[in-house]
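*Asks:* Pasting coords.txt here (compact mmCIF, C-alpha atoms):
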```txt
# COMPACT_ATOMS: atom_id res chain seq x y z
CA MET A 178 86.90 -244.58 -3.62
CA LYS A 179 85.92 -247.02 -6.36
CA ARG A 180 83.89 -244.34 -8.14
CA THR A 181 86.80 -241.88 -7.93
CA GLY A 182 89.22 -244.46 -9.31
CA SER A 183 86.86 -245.29 -12.17
CA GLN A 184 86.44 -241.62 -13.03
CA ASP A 185 90.21 -241.09 -13.03
CA LYS A 186 90.64 -244.09 -15.33
CA ARG A 187 88.05 -242.77 -17.80
CA LYS A 188 89.65 -239.34 -17.70
CA HIS A 189 93.07 -240.85 -18.40
CA ILE A 190 91.72 -242.84 -21.35
CA ALA A 191 90.07 -239.71 -22.74
CA GLU A 192 93.34 -237.81 -22.48
CA LEU A 193 95.18 -240.57 -24.32
CA GLU A 194 92.56 -240.59 -27.06
CA MET A 195 92.83 -236.83 -27.39
CA GLU A 196 96.61 -237.04 -27.68
CA GLU A 197 96.31 -239.70 -30.37
CA TYR A 198 93.77 -237.60 -32.30
CA THR A 199 96.03 -234.55 -32.05
CA GLU A 200 98.86 -236.57 -33.60
CA ILE A 201 96.87 -237.85 -36.57
CA ALA A 202 94.63 -234.77 -37.13
CA PRO A 203 97.04 -233.07 -39.58
CA TYR A 204 97.04 -236.21 -41.76
CA LEU A 205 93.22 -236.35 -41.85
CA ASP A 206 93.05 -232.98 -43.58
CA ASP A 207 94.38 -234.64 -46.71
CA TYR A 208 91.32 -236.94 -46.85
CA VAL A 209 88.37 -234.52 -46.86
CA VAL A 210 85.15 -236.22 -48.08
CA GLU A 211 82.61 -233.79 -49.51
CA PHE A 212 78.90 -234.52 -49.14
CA PRO A 213 77.35 -235.29 -52.56
CA SER A 214 74.95 -232.80 -54.08
CA GLU A 215 71.25 -233.45 -54.70
CA ILE A 216 71.91 -233.93 -58.42
CA GLU A 217 74.55 -236.56 -57.71
CA ILE A 218 72.26 -238.40 -55.27
CA ASP A 219 69.43 -238.46 -57.84
CA GLN A 220 71.78 -239.67 -60.57
CA THR A 221 72.98 -242.49 -58.32
CA ILE A 222 69.40 -243.54 -57.53
CA ARG A 223 68.46 -243.57 -61.23
CA ALA A 224 71.56 -245.60 -62.05
CA LEU A 225 70.76 -248.20 -59.36
CA GLU A 226 67.13 -248.56 -60.48
CA ALA A 227 68.28 -250.37 -63.62
CA HIS A 228 69.79 -253.16 -61.48
CA MET A 229 66.75 -253.64 -59.20
CA PRO A 230 63.83 -256.06 -59.61
CA GLY A 231 60.92 -254.77 -61.67
CA GLN A 232 58.48 -254.37 -58.76
CA MET A 233 60.98 -252.47 -56.64
CA SER A 234 61.89 -250.19 -59.54
CA ASP A 235 58.20 -249.46 -60.18
CA HIS A 236 57.76 -248.63 -56.50
CA LEU A 237 60.64 -246.17 -56.58
CA GLN A 238 59.25 -244.48 -59.65
CA GLN A 239 55.90 -244.00 -57.90
CA SER A 240 57.37 -242.85 -54.57
CA PRO A 241 57.34 -239.05 -55.32
CA GLY A 242 53.56 -239.23 -55.36
CA ARG A 243 50.97 -241.99 -55.51
CA SER A 244 48.48 -242.06 -58.32
CA LEU A 245 45.11 -240.43 -57.78
CA LYS A 246 43.46 -243.83 -57.70
CA GLU A 247 45.66 -245.04 -54.86
CA LEU A 248 45.04 -241.79 -52.99
CA PHE A 249 41.28 -242.23 -53.11
CA GLN A 250 41.65 -245.80 -51.88
CA LEU A 251 42.89 -244.31 -48.62
CA VAL A 252 39.80 -242.14 -48.18
CA TRP A 253 37.51 -244.91 -46.96
CA GLY A 254 40.05 -246.03 -44.38
CA GLU A 255 40.38 -242.47 -43.08
CA VAL A 256 36.59 -242.16 -42.79
CA MET A 257 36.55 -245.23 -40.57
CA ILE A 258 39.20 -243.87 -38.17
CA PHE A 259 37.87 -240.32 -37.97
CA HIS A 260 36.92 -239.39 -34.44
CA LYS A 261 33.29 -240.34 -33.88
CA SER A 262 32.57 -237.00 -32.24
CA TYR A 263 33.19 -235.27 -35.59
CA TRP A 264 30.32 -237.11 -37.26
CA LEU A 265 28.15 -236.56 -34.18
CA VAL A 266 28.73 -232.81 -34.36
CA CYS A 267 27.80 -232.84 -38.06
CA ALA A 268 24.53 -234.62 -37.22
CA LEU A 269 23.79 -232.09 -34.47
CA LEU A 270 24.41 -229.24 -36.90
CA LEU A 271 21.83 -230.74 -39.26
CA LEU A 272 19.32 -230.79 -36.41
CA CYS A 273 20.16 -227.16 -35.74
CA GLY A 274 19.47 -226.44 -39.40
CA PHE A 275 16.04 -228.03 -39.13
CA TRP A 276 15.38 -226.00 -35.97
CA LEU A 277 16.40 -222.79 -37.77
CA GLY A 278 13.96 -223.64 -40.54
CA THR A 279 11.08 -223.91 -38.05
CA ARG A 280 11.98 -221.21 -35.48
CA SER A 281 14.21 -218.61 -37.16
CA THR A 282 12.73 -215.10 -37.14
CA ILE A 283 14.74 -214.13 -40.23
CA ASN A 284 15.25 -215.84 -43.55
CA PRO A 285 16.24 -219.43 -42.60
CA TYR A 286 18.47 -219.69 -45.66
CA MET A 287 20.48 -216.72 -44.37
CA SER A 288 20.61 -218.28 -40.90
CA GLY A 289 22.11 -221.40 -42.45
CA LEU A 290 25.22 -219.37 -43.35
CA VAL A 291 26.28 -219.72 -39.72
CA LEU A 292 26.51 -223.52 -39.96
CA VAL A 293 27.84 -224.08 -43.50
CA PRO A 294 31.66 -224.03 -42.95
CA VAL A 295 31.71 -225.44 -39.41
CA PRO A 296 32.28 -229.13 -40.41
CA PHE A 297 35.29 -228.20 -42.54
CA VAL A 298 36.81 -225.96 -39.88
CA LEU A 299 36.37 -228.62 -37.18
CA GLY A 300 37.73 -231.23 -39.59
CA LEU A 301 41.06 -229.38 -39.66
CA LEU A 302 41.64 -230.81 -36.19
CA GLU A 303 41.68 -234.25 -37.82
CA VAL A 304 43.77 -233.09 -40.80
CA PHE A 305 46.56 -231.69 -38.62
CA LYS A 306 46.31 -234.01 -35.64
CA GLY A 307 49.60 -235.74 -36.50
CA ARG A 308 51.41 -232.41 -36.48
CA ASP A 309 49.70 -231.07 -33.37
CA LEU A 310 50.29 -234.27 -31.37
CA GLY A 311 53.96 -234.39 -32.34
CA LEU A 312 53.55 -237.56 -34.42
CA MET A 313 54.74 -236.17 -37.75
CA GLU A 314 58.16 -237.82 -37.57
CA ILE A 315 56.49 -241.19 -36.89
CA GLU A 316 54.14 -240.74 -39.84
CA LEU A 317 57.14 -239.99 -42.06
CA THR A 318 58.40 -243.53 -41.43
CA CYS A 319 55.13 -245.18 -42.52
CA LYS A 320 54.44 -246.63 -45.94
CA ILE A 321 51.77 -243.96 -46.36
CA THR A 322 53.58 -240.66 -45.84
CA ALA A 323 52.42 -237.80 -43.63
CA GLN A 324 51.83 -235.76 -46.77
CA GLN A 325 49.43 -238.37 -48.18
CA LEU A 326 47.63 -238.79 -44.86
CA MET A 327 46.97 -235.07 -44.53
CA LEU A 328 45.81 -234.77 -48.13
CA THR A 329 43.50 -237.76 -47.72
CA ARG A 330 41.99 -236.33 -44.54
CA LEU A 331 41.49 -233.01 -46.29
CA ILE A 332 39.61 -234.75 -49.12
CA VAL A 333 37.39 -236.51 -46.57
CA VAL A 334 36.63 -233.27 -44.72
CA LEU A 335 35.93 -231.24 -47.86
CA ALA A 336 33.74 -233.95 -49.42
CA ALA A 337 31.84 -234.39 -46.14
CA ASN A 338 31.20 -230.64 -45.90
CA MET A 339 29.96 -230.46 -49.50
CA ALA A 340 27.50 -233.27 -48.76
CA PHE A 341 26.63 -231.51 -45.51
CA VAL A 342 25.57 -228.39 -47.45
CA VAL A 343 23.05 -230.40 -49.47
CA LEU A 344 21.68 -232.14 -46.37
CA LEU A 345 21.51 -228.82 -44.52
CA MET A 346 19.51 -227.30 -47.35
CA LEU A 347 17.07 -230.23 -47.16
CA ALA A 348 16.81 -229.82 -43.38
CA VAL A 349 16.26 -226.06 -43.53
CA SER A 350 13.77 -226.23 -46.40
CA GLY A 351 11.95 -229.12 -44.69
CA GLY A 352 11.73 -227.20 -41.42
CA ALA A 353 10.59 -224.05 -43.19
CA GLY A 354 8.06 -225.96 -45.26
CA GLY A 355 9.40 -224.43 -48.47
CA SER A 356 11.24 -225.59 -51.57
CA ILE A 357 14.96 -225.84 -52.15
CA SER A 358 16.54 -222.48 -52.90
CA TRP A 359 19.19 -222.92 -55.59
CA GLY A 360 20.34 -219.35 -55.08
CA ALA A 361 20.98 -220.13 -51.40
CA ILE A 362 22.90 -223.28 -52.34
CA GLY A 363 25.14 -221.23 -54.62
CA LEU A 364 25.71 -218.71 -51.84
CA TRP A 365 26.46 -221.48 -49.32
CA TYR A 366 28.96 -223.25 -51.57
CA THR A 367 30.70 -219.97 -52.33
CA GLN A 368 30.91 -219.26 -48.63
CA LEU A 369 32.22 -222.77 -47.97
CA ILE A 370 35.05 -222.50 -50.52
CA ILE A 371 36.17 -219.10 -49.21
CA ALA A 372 35.99 -220.24 -45.59
CA ALA A 373 37.86 -223.47 -46.43
CA GLY A 374 40.73 -221.59 -48.06
CA ALA A 375 40.95 -219.01 -45.29
CA SER A 376 40.80 -221.53 -42.44
CA LEU A 377 43.39 -223.79 -44.12
CA TRP A 378 45.67 -220.77 -44.54
CA LEU A 379 45.33 -220.06 -40.81
CA ALA A 380 45.82 -223.71 -39.79
CA MET A 381 49.06 -223.83 -41.79
CA ARG A 382 50.51 -221.13 -39.55
CA VAL A 383 49.23 -221.94 -36.06
CA ARG A 384 48.22 -225.11 -34.25
CA GLY A 385 44.94 -226.71 -35.29
CA GLY A 386 43.04 -226.03 -32.07
CA THR A 387 44.11 -222.39 -31.97
CA ALA A 388 43.31 -221.92 -35.67
CA VAL A 389 39.83 -223.41 -35.27
CA SER A 390 39.07 -221.23 -32.23
CA ILE A 391 40.28 -218.02 -33.88
CA PHE A 392 38.48 -218.69 -37.14
CA LEU A 393 35.15 -219.61 -35.56
CA VAL A 394 35.18 -216.57 -33.26
CA VAL A 395 35.92 -214.23 -36.18
CA TRP A 396 33.45 -216.03 -38.45
CA PHE A 397 30.56 -215.99 -35.99
CA GLY A 398 31.32 -212.35 -35.16
CA LEU A 399 31.16 -211.30 -38.81
CA LEU A 400 27.93 -213.23 -39.41
CA TRP A 401 26.39 -211.74 -36.30
CA LEU A 402 27.09 -208.26 -37.69
CA VAL A 403 25.57 -209.25 -41.03
CA LEU A 404 22.47 -211.02 -39.70
CA SER A 405 21.72 -208.33 -37.11
CA ASN A 406 21.54 -205.63 -39.80
CA PRO A 407 18.62 -205.87 -42.29
CA GLN A 408 20.56 -203.80 -44.82
CA PHE A 409 23.43 -206.27 -44.83
CA ILE A 410 20.99 -209.15 -45.25
CA THR A 411 19.42 -207.44 -48.25
CA LEU A 412 22.87 -206.76 -49.70
CA VAL A 413 23.92 -210.42 -49.37
CA GLN A 414 20.66 -211.66 -50.88
CA SER A 415 21.06 -209.32 -53.85
CA ILE A 416 24.49 -210.65 -54.87
CA GLN A 417 24.33 -211.58 -58.54
CA THR A 418 25.40 -214.95 -59.95
CA PRO A 419 28.49 -213.59 -61.80
CA VAL A 420 29.74 -212.07 -58.55
CA LEU A 421 29.22 -215.38 -56.73
CA ILE A 422 31.15 -217.20 -59.46
CA ALA A 423 34.02 -214.71 -59.21
CA LEU A 424 34.13 -215.04 -55.41
CA ALA A 425 33.99 -218.83 -55.68
CA LEU A 426 36.92 -218.81 -58.13
CA CYS A 427 38.94 -216.67 -55.73
CA GLY A 428 38.16 -219.16 -52.98
CA VAL A 429 39.16 -222.10 -55.18
CA ILE A 430 42.48 -220.42 -56.04
CA LEU A 431 43.17 -219.75 -52.36
CA LEU A 432 42.26 -223.31 -51.38
CA ILE A 433 44.37 -224.91 -54.13
CA SER A 434 47.35 -222.72 -53.28
CA GLN A 435 47.15 -223.72 -49.62
CA ILE A 436 46.84 -227.41 -50.50
CA GLY A 437 49.90 -227.08 -52.71
CA GLN A 438 51.79 -225.35 -49.92
CA MET A 439 50.75 -228.06 -47.48
CA THR A 440 51.96 -230.86 -49.74
CA ARG A 441 55.30 -229.11 -50.27
CA LYS A 442 55.81 -228.28 -46.61
CA TYR A 443 54.97 -231.69 -45.18
CA THR A 444 56.79 -233.76 -47.78
CA SER A 445 58.83 -236.84 -46.97
CA GLN A 446 62.01 -235.44 -48.54
CA THR A 447 63.21 -234.74 -44.98
CA GLU A 448 64.27 -238.40 -44.89
CA ARG A 449 67.46 -237.20 -46.60
CA GLY A 450 68.38 -235.13 -43.58
CA TYR A 451 66.82 -231.74 -44.19
CA SER A 452 65.23 -229.72 -41.43
CA PHE A 453 61.58 -230.36 -40.65
CA ASP A 454 59.59 -227.60 -39.01
CA ILE A 455 56.39 -228.71 -37.30
CA ASP A 456 56.47 -226.47 -34.23
CA HIS A 457 53.81 -223.78 -34.55
CA GLY A 458 53.44 -222.74 -31.00
```
How does the structure come out when it is put into structure tokens?
*Replies:*
Amino acid sequence: MKRTGSQDKRKHIAELEMEEYTEIAPYLDDYVVEFPSEIEIDQTIRALEAHMPGQMSDHLQQSPGRSLKELFQLVWGEVMIFHKSYWLVCALLLLCGFWLGTRSTINPYMSGLVLVPVPFVLGLLEVFKGRDLGLMEIELTCKITAQQLMLTRLIVVLAANMAFVVLLMLAVSGGAGGSISWGAIGLWYTQLIIAAGASLWLAMRVRGGTAVSIFLVVWFGLLWLVLSNPQFITLVQSIQTPVLIALALCGVILLISQIGQMTRKYTSQTERGYSFDIDHG
């Protein structure tokens, strides 16, 4: 009975409030407040900056994007918090490269093509872990924005993979008992840039784990077709330097375009109330 009485009381109050709103609603139409435009908001911010302390004003001026120096200062911190298994996998891949140099029945430098882009592709799991774990909104509230975190992680992964290529060449050449092949290094770096751009394009559209799985399956399948056919191996080995440079430039353009798209898509401008799409699956 008490619950019924309480519900009736709340219902009665709601009805009274509705009646009062109905009475004053016609008068509220005369006081419509329009939401300010983006230009007006920016003009207001610029006008207020002149009345703020110097340090705060400088901070606001730098907020659209930190300087390159400040961005690189974040790299070391990201290296420290990268999942330890990532670096362990990279070390195991180097051991695999040494094993290919000693046991591979085909050209070990061609066999190394299988391993070259793997660290970057696996590193995309770290780059997009905030998005895939549903933590993007939390990262948007941090001093370091989600955009800057993802870009910093991408720098770490790309730099690590470029160093990995050099170490892999040393491992393969050491296992094979031969000298460093500069032609193979050029081929590996070209392959890395193309694979980095393509895998980043895929990761921008589906979840990180799915993107990594799809890319590695397709990548290993294509390389298996190439390495199992002597004619394809000969064709790859005969690629001239100008062609490699052209392919590398195409890969660089693709990679830069995807990085630009990533920084635009995961920007912190959503703090003003715009929609924020992070659901890819």
*Asks:* Which residue out of A:Gly307, A:Pro419, A:Gly398, A:Gly374 has the minimum interatomic distance to Ser434 (chain A) when all atoms listed in the file are used?
*Replies:* A:Gly374
*Asks:* Rank nothing, just name the residue among A:Gln368, A:Ala375, A:Leu299, A:Gln408 nearest to Ser390 (chain A), using only C-alpha atoms.
*Replies:*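 Distance minimum relative to Ser390 (chain A) lands on A:Leu299.
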*Asks:* Please determine, counting all atoms listed in the file, which residue among A:Ile410, A:Leu270, A:Leu331, A:Ile218 has the shortest atom-to-atom distance to Met439 (chain A).
*Replies:*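 Closest residue, counting all atoms listed in the file: A:Leu331.
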*Asks:* What does the structure give for the distance between CA of Val304 (chain A) and CA of Arg330 (chain A), in Å to one decimal?
*Replies:*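 CA of Arg330 (chain A) lies 5.3 Å from CA of Val304 (chain A).
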*Asks:* What separation in Å, quoted to one decimal, exists between CA of Thr440 (chain A) and CA of Asp309 (chain A)?
*Replies:*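 Separation of CA of Thr440 (chain A) and CA of Asp309 (chain A): 16.5 Å.
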*Asks:* Would you mind reading off the distance between CA of Arg280 (chain A) and CA of Ile370 (chain A), one decimal, in Å?
*Replies:*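 CA of Ile370 (chain A) lies 27.6 Å from CA of Arg280 (chain A).
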*Asks:* So that I can see what lies close to Val256 (chain A), please list as a PyMOL selection string the residues with an atom at most 12 Å from it, counting all atoms listed in the file and leaving out residues fewer than 6 positions away in the same chain.
*Replies:* chain A and resi 249-250+263-264+300+303-304+326+329-334+336-337
*Asks:* Go ahead and write the residues just picked, C-alpha atoms, as an mmCIF file, keeping the file's coordinate frame.
*Replies:*
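Produced file selection.cif, reproduced below:
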```cif
data_model
loop_
_atom_site.group_PDB
_atom_site.id
_atom_site.type_symbol
_atom_site.label_atom_id
_atom_site.label_comp_id
_atom_site.auth_asym_id
_atom_site.auth_seq_id
_atom_site.Cartn_x
_atom_site.Cartn_y
_atom_site.Cartn_z
ATOM 1 C CA PHE A 249 41.280 -242.230 -53.110
ATOM 2 C CA GLN A 250 41.650 -245.800 -51.880
ATOM 3 C CA TYR A 263 33.190 -235.270 -35.590
ATOM 4 C CA TRP A 264 30.320 -237.110 -37.260
ATOM 5 C CA GLY A 300 37.730 -231.230 -39.590
ATOM 6 C CA GLU A 303 41.680 -234.250 -37.820
ATOM 7 C CA VAL A 304 43.770 -233.090 -40.800
ATOM 8 C CA LEU A 326 47.630 -238.790 -44.860
ATOM 9 C CA THR A 329 43.500 -237.760 -47.720
ATOM 10 C CA ARG A 330 41.990 -236.330 -44.540
ATOM 11 C CA LEU A 331 41.490 -233.010 -46.290
ATOM 12 C CA ILE A 332 39.610 -234.750 -49.120
ATOM 13 C CA VAL A 333 37.390 -236.510 -46.570
ATOM 14 C CA VAL A 334 36.630 -233.270 -44.720
ATOM 15 C CA ALA A 336 33.740 -233.950 -49.420
ATOM 16 C CA ALA A 337 31.840 -234.390 -46.140
#
```
*Asks:* Might you pull out every residue within 12 Å of region 356-365 of chain A, with all atoms listed in the file counted and same-chain residues fewer than 3 positions away left off, and present them as a ChimeraX atom specification?
*Replies:* /A:278,284-295,338-353,368-373,413-425
*Asks:* Applying 8 Å and only C-alpha atoms, which residues near region 391-395 of chain A remain after dropping the ones on its own chain fewer than 3 positions away? List them as an MDAnalysis selection string.
*Replies:* chainID A and resid 295 298 376 379 387:388 398:399
*Asks:* Save out the residues we just selected, C-alpha atoms, as a PDB file, keeping the file's coordinate frame.
*Replies:*
```pdb
ATOM      1  CA  VAL A 295      31.710-225.440 -39.410  1.00  0.00           C
ATOM      2  CA  VAL A 298      36.810-225.960 -39.880  1.00  0.00           C
ATOM      3  CA  SER A 376      40.800-221.530 -42.440  1.00  0.00           C
ATOM      4  CA  LEU A 379      45.330-220.060 -40.810  1.00  0.00           C
ATOM      5  CA  THR A 387      44.110-222.390 -31.970  1.00  0.00           C
ATOM      6  CA  ALA A 388      43.310-221.920 -35.670  1.00  0.00           C
ATOM      7  CA  GLY A 398      31.320-212.350 -35.160  1.00  0.00           C
ATOM      8  CA  LEU A 399      31.160-211.300 -38.810  1.00  0.00           C
TER       9      LEU A 399
END
```
